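Novice: Take this structure, written in structure tokens, and hold onto it; I'll ask about it next.
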Amino acid sequence: MIKLILIAACAFFTVVLVMPLVKRTALRWGFVDEPGPRKLHLRPLPRLGGVAVYLGCMAALAVFDLFYLSQLVSILLGATFVSFLGIWDDYRVLGPVAKLSGQVCAAVILLLSGVQVTFLPHPVLNVAVTIFWVVSITNALNLLDNMDGLSAGTATVACAFFLLLAVMNKQFLVGSLAAALLGACVGFLLYNFNPAGIFMGDSGSLFIGFVLAAIGIKLRFPDNVAVVTWMIPVVVLGVPIFDTTLVVVSRLRRGLNPIVSPGKDHLSHRLLQLGCTQREAVLVLYLLCGALGVLSVVLMHATRTEGFVIGALLALAGLWALWRLEKVPVS
């Protein structure tokens, strides 16, 4: 447990120390997010903060987790690939096909090293679900990065519960990865919480999403059955999953392309329409993510019947929220 604390602390202090250099580099090289009608910030801000998150994670794992580093290679290689893909997208916007193809390639890296979903009865289904999960969660964190501190804070809460679950199940490889990302995200939040001084950009959101997806795959729950435990990572990451579902459904309903049609139609934006300030909207979603994290711990000990009941109630709550939020005006 002490090692996990040291990993998180190392990642945190690395991010804090390198962030001023990253900000200067972003401004010098033109990685700047300009204000616009579909954006909430009012002044140009650097958007290369994800590089600091990446460096923080890598430094912490290299210093304190050399024993497991070889086992982490495929995850870190895939995460590095999507992070550099994000840097390129931040500098010169990539088309959706190029971004999606790159994310699929990163998911294949995991597959080739044996990091994949295993609870389904047929290998082809396991491969398909693995690619779908990795690409979906990677993009979900990218889409969630639409308000100061939202994506990084949500990832922080999710990492905290992934770390707790890993420790409870004595999975120290997963715990190290979760601890590193947790520390890096907390360090980044010092600069990104409203009012933000820097954005993470695609280099950070894609990296964080990919690592969270990999952690969800690597987590194992030997004391329970797969028909229950497969829901645990889905529940922990319920906020970004719901936000992506809401955006896709809403844009399709309005006849828009959900991939190339940006807008203020995310869960956070709808909370603003319901009367929340930016900070209040972000904090509400932190609390929701925390509540889902607690529920994931309950699921870890649930029987089949209890698991199915919890899953059904969550699905019904999600459908109701989808219906209710679709009535909120968006732009």
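Residue names in the structure tokens use chain letters A, B, ... in the order shown, residue numbers from 1 in each chain, and ligand numbers from 1 in the order shown.
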Among region 26-261 of chain A, which residues does DSSP mark as strand (DSSP E) when it is run on the backbone? Keep the chain and numbering as in the structure and answer as a list of chain:residue names.

Specialist: A:Val32, A:Asp33, A:Leu45, A:Pro46

Novice: How about saving the chosen residues, N, CA and C atoms kept, as a PDB file, in the first residue's frame?

Specialist:
```pdb
ATOM      1  N   VAL A  32      -2.970  26.355 -28.696  1.00  0.00           N
ATOM      2  CA  VAL A  32      -3.824  27.279 -27.955  1.00  0.00           C
ATOM      3  C   VAL A  32      -5.275  27.076 -28.381  1.00  0.00           C
ATOM      4  N   ASP A  33      -6.156  27.055 -27.392  1.00  0.00           N
ATOM      5  CA  ASP A  33      -7.590  26.913 -27.655  1.00  0.00           C
ATOM      6  C   ASP A  33      -8.216  28.302 -27.611  1.00  0.00           C
ATOM      7  N   LEU A  45      -6.400  29.795 -24.187  1.00  0.00           N
ATOM      8  CA  LEU A  45      -5.738  28.991 -23.167  1.00  0.00           C
ATOM      9  C   LEU A  45      -4.900  27.898 -23.823  1.00  0.00           C
ATOM     10  N   PRO A  46      -3.710  27.620 -23.278  1.00  0.00           N
ATOM     11  CA  PRO A  46      -2.906  26.510 -23.815  1.00  0.00           C
ATOM     12  C   PRO A  46      -3.634  25.186 -23.616  1.00  0.00           C
TER      13      PRO A  46
END
```

Novice: Could you pull out all residues of region 25-251 of chain A with a DSSP call of helix (DSSP H, G or I) and give them as an MDAnalysis selection string?

Specialist: chainID A and resid 25:29 49:64 66:91 96:112 123:144 150:168 172:192 201:218 226:229 231:236 238:251

Novice: Each residue of region 39-127 of chain A lying at most 8 Å from region 131-137 of chain A should get a row with its shortest atom-to-atom pair and the distance in Å to one decimal, counting only C-alpha atoms; could you produce that, ordered by chain and increasing number, as a Markdown table?

Specialist:
```
| residue | atom | partner | partner_atom | distance |
| --- | --- | --- | --- | --- |
| A:Leu100 | CA | A:Val135 | CA | 7.6 |
| A:Gln103 | CA | A:Val135 | CA | 5.9 |
| A:Val104 | CA | A:Val135 | CA | 6.5 |
| A:Ala107 | CA | A:Ile131 | CA | 5.5 |
| A:Val108 | CA | A:Ile131 | CA | 7.2 |
| A:Val127 | CA | A:Ile131 | CA | 6.3 |
```

Novice: What gap, in Å, lies between CA of Leu189 (chain A) and CA of Val93 (chain A)?

Specialist: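 These atoms are spaced 25.1 Å apart.
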
Novice: Could the residues of region 143-176 of chain A that have an atom at most 9 Å from region 260-275 of chain A be listed as a tab-separated table, each with its closest atom pair and the distance in Å to one decimal, counting only C-alpha atoms and ordered by chain and ascending residue number?

Specialist:
```
residue	atom	partner	partner_atom	distance
A:Leu143	CA	A:His266	CA	8.4
A:Leu144	CA	A:His266	CA	7.7
A:Asn146	CA	A:Ser268	CA	7.9
A:Met147	CA	A:Ser268	CA	7.4
A:Leu150	CA	A:Ser268	CA	8.5
```

Novice: Any chance you could export the current selection's N, CA and C atoms as a PDB file, in the first residue's frame?

Specialist:
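The file below, out.pdb, is the result:
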```pdb
ATOM      1  N   LEU A 143     -14.836  13.227 -25.117  1.00  0.00           N
ATOM      2  CA  LEU A 143     -16.063  14.012 -25.230  1.00  0.00           C
ATOM      3  C   LEU A 143     -16.406  14.712 -23.915  1.00  0.00           C
ATOM      4  N   LEU A 144     -16.069  14.079 -22.799  1.00  0.00           N
ATOM      5  CA  LEU A 144     -16.393  14.647 -21.489  1.00  0.00           C
ATOM      6  C   LEU A 144     -15.545  15.869 -21.169  1.00  0.00           C
ATOM      7  N   ASN A 146     -15.280  18.916 -21.718  1.00  0.00           N
ATOM      8  CA  ASN A 146     -15.980  20.065 -22.267  1.00  0.00           C
ATOM      9  C   ASN A 146     -16.218  21.171 -21.249  1.00  0.00           C
ATOM     10  N   MET A 147     -15.650  21.022 -20.041  1.00  0.00           N
ATOM     11  CA  MET A 147     -15.822  22.020 -18.995  1.00  0.00           C
ATOM     12  C   MET A 147     -14.617  21.938 -18.052  1.00  0.00           C
ATOM     13  N   LEU A 150     -13.686  18.864 -15.582  1.00  0.00           N
ATOM     14  CA  LEU A 150     -14.682  17.783 -15.622  1.00  0.00           C
ATOM     15  C   LEU A 150     -14.064  16.431 -15.957  1.00  0.00           C
TER      16      LEU A 150
END
```

Novice: Nearest to Gly293 (chain A) among A:Phe81, A:Trp323, A:Phe162, A:Phe12, with distances taken over only C-alpha atoms: which residue is it?

Specialist: A:Phe162

Novice: Which residues are close to region 176-183 of chain A, i.e. within 7 Å by only C-alpha atoms, leaving aside same-chain residues fewer than 4 positions away? Reply as an MDAnalysis selection string.

Specialist: chainID A and resid 4 7:9 11:12 57 60:61 156 159:160 162:163 172 187

Novice: Would you output that residue set with N, CA and C atoms, as an mmCIF file, in the first residue's frame?

Specialist:
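Okay, again22.cif is ready:
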```cif
data_model
loop_
_atom_site.group_PDB
_atom_site.id
_atom_site.type_symbol
_atom_site.label_atom_id
_atom_site.label_comp_id
_atom_site.auth_asym_id
_atom_site.auth_seq_id
_atom_site.Cartn_x
_atom_site.Cartn_y
_atom_site.Cartn_z
ATOM 1 N N LEU A 4 1.972 2.168 -3.471
ATOM 2 C CA LEU A 4 0.922 2.798 -4.263
ATOM 3 C C LEU A 4 0.808 4.281 -3.917
ATOM 4 N N ILE A 7 3.694 5.987 -5.602
ATOM 5 C CA ILE A 7 3.451 6.119 -7.045
ATOM 6 C C ILE A 7 2.547 7.312 -7.318
ATOM 7 N N ALA A 8 1.445 7.408 -6.568
ATOM 8 C CA ALA A 8 0.516 8.527 -6.745
ATOM 9 C C ALA A 8 1.196 9.857 -6.452
ATOM 10 N N ALA A 9 2.006 9.896 -5.381
ATOM 11 C CA ALA A 9 2.690 11.137 -5.013
ATOM 12 C C ALA A 9 3.710 11.547 -6.073
ATOM 13 N N ALA A 11 3.648 10.813 -9.298
ATOM 14 C CA ALA A 11 2.914 11.299 -10.467
ATOM 15 C C ALA A 11 2.395 12.713 -10.225
ATOM 16 N N PHE A 12 1.874 12.941 -9.026
ATOM 17 C CA PHE A 12 1.336 14.262 -8.668
ATOM 18 C C PHE A 12 2.418 15.337 -8.761
ATOM 19 N N CYS A 57 2.506 10.036 -15.159
ATOM 20 C CA CYS A 57 2.237 8.595 -15.071
ATOM 21 C C CYS A 57 3.484 7.782 -15.394
ATOM 22 N N ALA A 60 6.255 8.015 -12.634
ATOM 23 C CA ALA A 60 5.919 7.293 -11.405
ATOM 24 C C ALA A 60 6.062 5.785 -11.588
ATOM 25 N N LEU A 61 5.595 5.284 -12.716
ATOM 26 C CA LEU A 61 5.682 3.840 -12.961
ATOM 27 C C LEU A 61 7.128 3.409 -13.194
ATOM 28 N N THR A 156 -10.287 11.189 -11.915
ATOM 29 C CA THR A 156 -9.723 11.067 -10.567
ATOM 30 C C THR A 156 -10.599 10.194 -9.680
ATOM 31 N N CYS A 159 -10.467 6.595 -10.928
ATOM 32 C CA CYS A 159 -9.182 5.975 -10.554
ATOM 33 C C CYS A 159 -9.154 5.605 -9.078
ATOM 34 N N ALA A 160 -9.725 6.466 -8.232
ATOM 35 C CA ALA A 160 -9.746 6.185 -6.798
ATOM 36 C C ALA A 160 -10.503 4.882 -6.521
ATOM 37 N N PHE A 162 -11.118 2.443 -8.804
ATOM 38 C CA PHE A 162 -10.361 1.345 -9.414
ATOM 39 C C PHE A 162 -9.200 0.937 -8.510
ATOM 40 N N LEU A 163 -8.535 1.907 -7.904
ATOM 41 C CA LEU A 163 -7.448 1.614 -6.976
ATOM 42 C C LEU A 163 -7.967 0.843 -5.764
ATOM 43 N N PHE A 172 -1.979 -5.826 -7.713
ATOM 44 C CA PHE A 172 -1.074 -4.702 -7.545
ATOM 45 C C PHE A 172 -0.630 -4.085 -8.869
ATOM 46 N N GLY A 187 -2.828 16.243 -9.783
ATOM 47 C CA GLY A 187 -1.872 17.305 -10.071
ATOM 48 C C GLY A 187 -2.360 18.216 -11.182
#
```

Novice: Of the candidates A:Ala317, A:Ala196, A:Ile259, A:Leu76, which one gets nearest to Gln278 (chain A) if we count only C-alpha atoms?

Specialist: A:Ala196

Novice: Which one of A:Cys185, A:Ala59, A:Val234, A:Val227 sits closest to Val157 (chain A) if you count only C-alpha atoms?

Specialist: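 For Val157 (chain A), the nearest of the candidates is A:Cys185.
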
Novice: Between CA of Met58 (chain A) and CA of Ala184 (chain A), measure the distance and give it in Å to one decimal.

Specialist: 9.7 Å

Novice: What lies within 12 Å of region 17-21 of chain A using only C-alpha atoms, ignoring chain neighbours under 4 positions off, as a PyMOL selection string?

Specialist: chain A and resi 10-13+25-28+46-56+59+184+187-192+197-200

Novice: Taking C-alpha atoms for each residue, export the selection above as a CSV table (one decimal), in the first residue's frame.

Specialist:
```
chain,number,residue,atom,x,y,z
A,10,CYS,CA,5.4,10.9,-7.6
A,11,ALA,CA,2.9,11.3,-10.5
A,12,PHE,CA,1.3,14.3,-8.7
A,13,PHE,CA,4.6,16.1,-8.1
A,25,THR,CA,5.8,25.2,-24.7
A,26,ALA,CA,2.1,25.1,-25.7
A,27,LEU,CA,2.0,28.9,-26.1
A,28,ARG,CA,5.3,29.0,-28.0
A,46,PRO,CA,-2.9,26.5,-23.8
A,47,ARG,CA,-4.2,23.0,-24.4
A,48,LEU,CA,-1.2,20.7,-24.0
A,49,GLY,CA,-1.7,19.8,-20.3
A,50,GLY,CA,-2.2,16.2,-21.2
A,51,VAL,CA,1.5,15.9,-21.9
A,52,ALA,CA,2.2,16.6,-18.2
A,53,VAL,CA,-0.3,13.9,-17.2
A,54,TYR,CA,1.4,11.5,-19.5
A,55,LEU,CA,4.8,12.4,-18.1
A,56,GLY,CA,3.6,12.1,-14.5
A,59,ALA,CA,7.7,8.8,-14.4
A,184,ALA,CA,-1.4,12.7,-12.3
A,187,GLY,CA,-1.9,17.3,-10.1
A,188,PHE,CA,-3.5,18.4,-13.3
A,189,LEU,CA,-6.6,19.6,-11.5
A,190,LEU,CA,-4.6,22.2,-9.7
A,191,TYR,CA,-4.2,23.9,-13.0
A,192,ASN,CA,-7.5,22.9,-14.7
A,197,GLY,CA,-5.3,27.9,-16.6
A,198,ILE,CA,-4.6,25.2,-19.1
A,199,PHE,CA,-6.6,22.5,-20.9
A,200,MET,CA,-5.5,18.9,-21.3
```

Novice: Would you list the contacts of Val297 (chain A) as a PyMOL selection string, taking every protein, DNA or RNA residue within 8 Å and counting only C-alpha atoms, but skipping same-chain residues closer than 3 positions in sequence?

Specialist: chain A and resi 165+232+293-294+300-301

Novice: Counting only C-alpha atoms, which of A:Gly175, A:Leu256, A:Ala158, A:Thr305 gets nearest to Leu212 (chain A)?

Specialist: A:Ala158
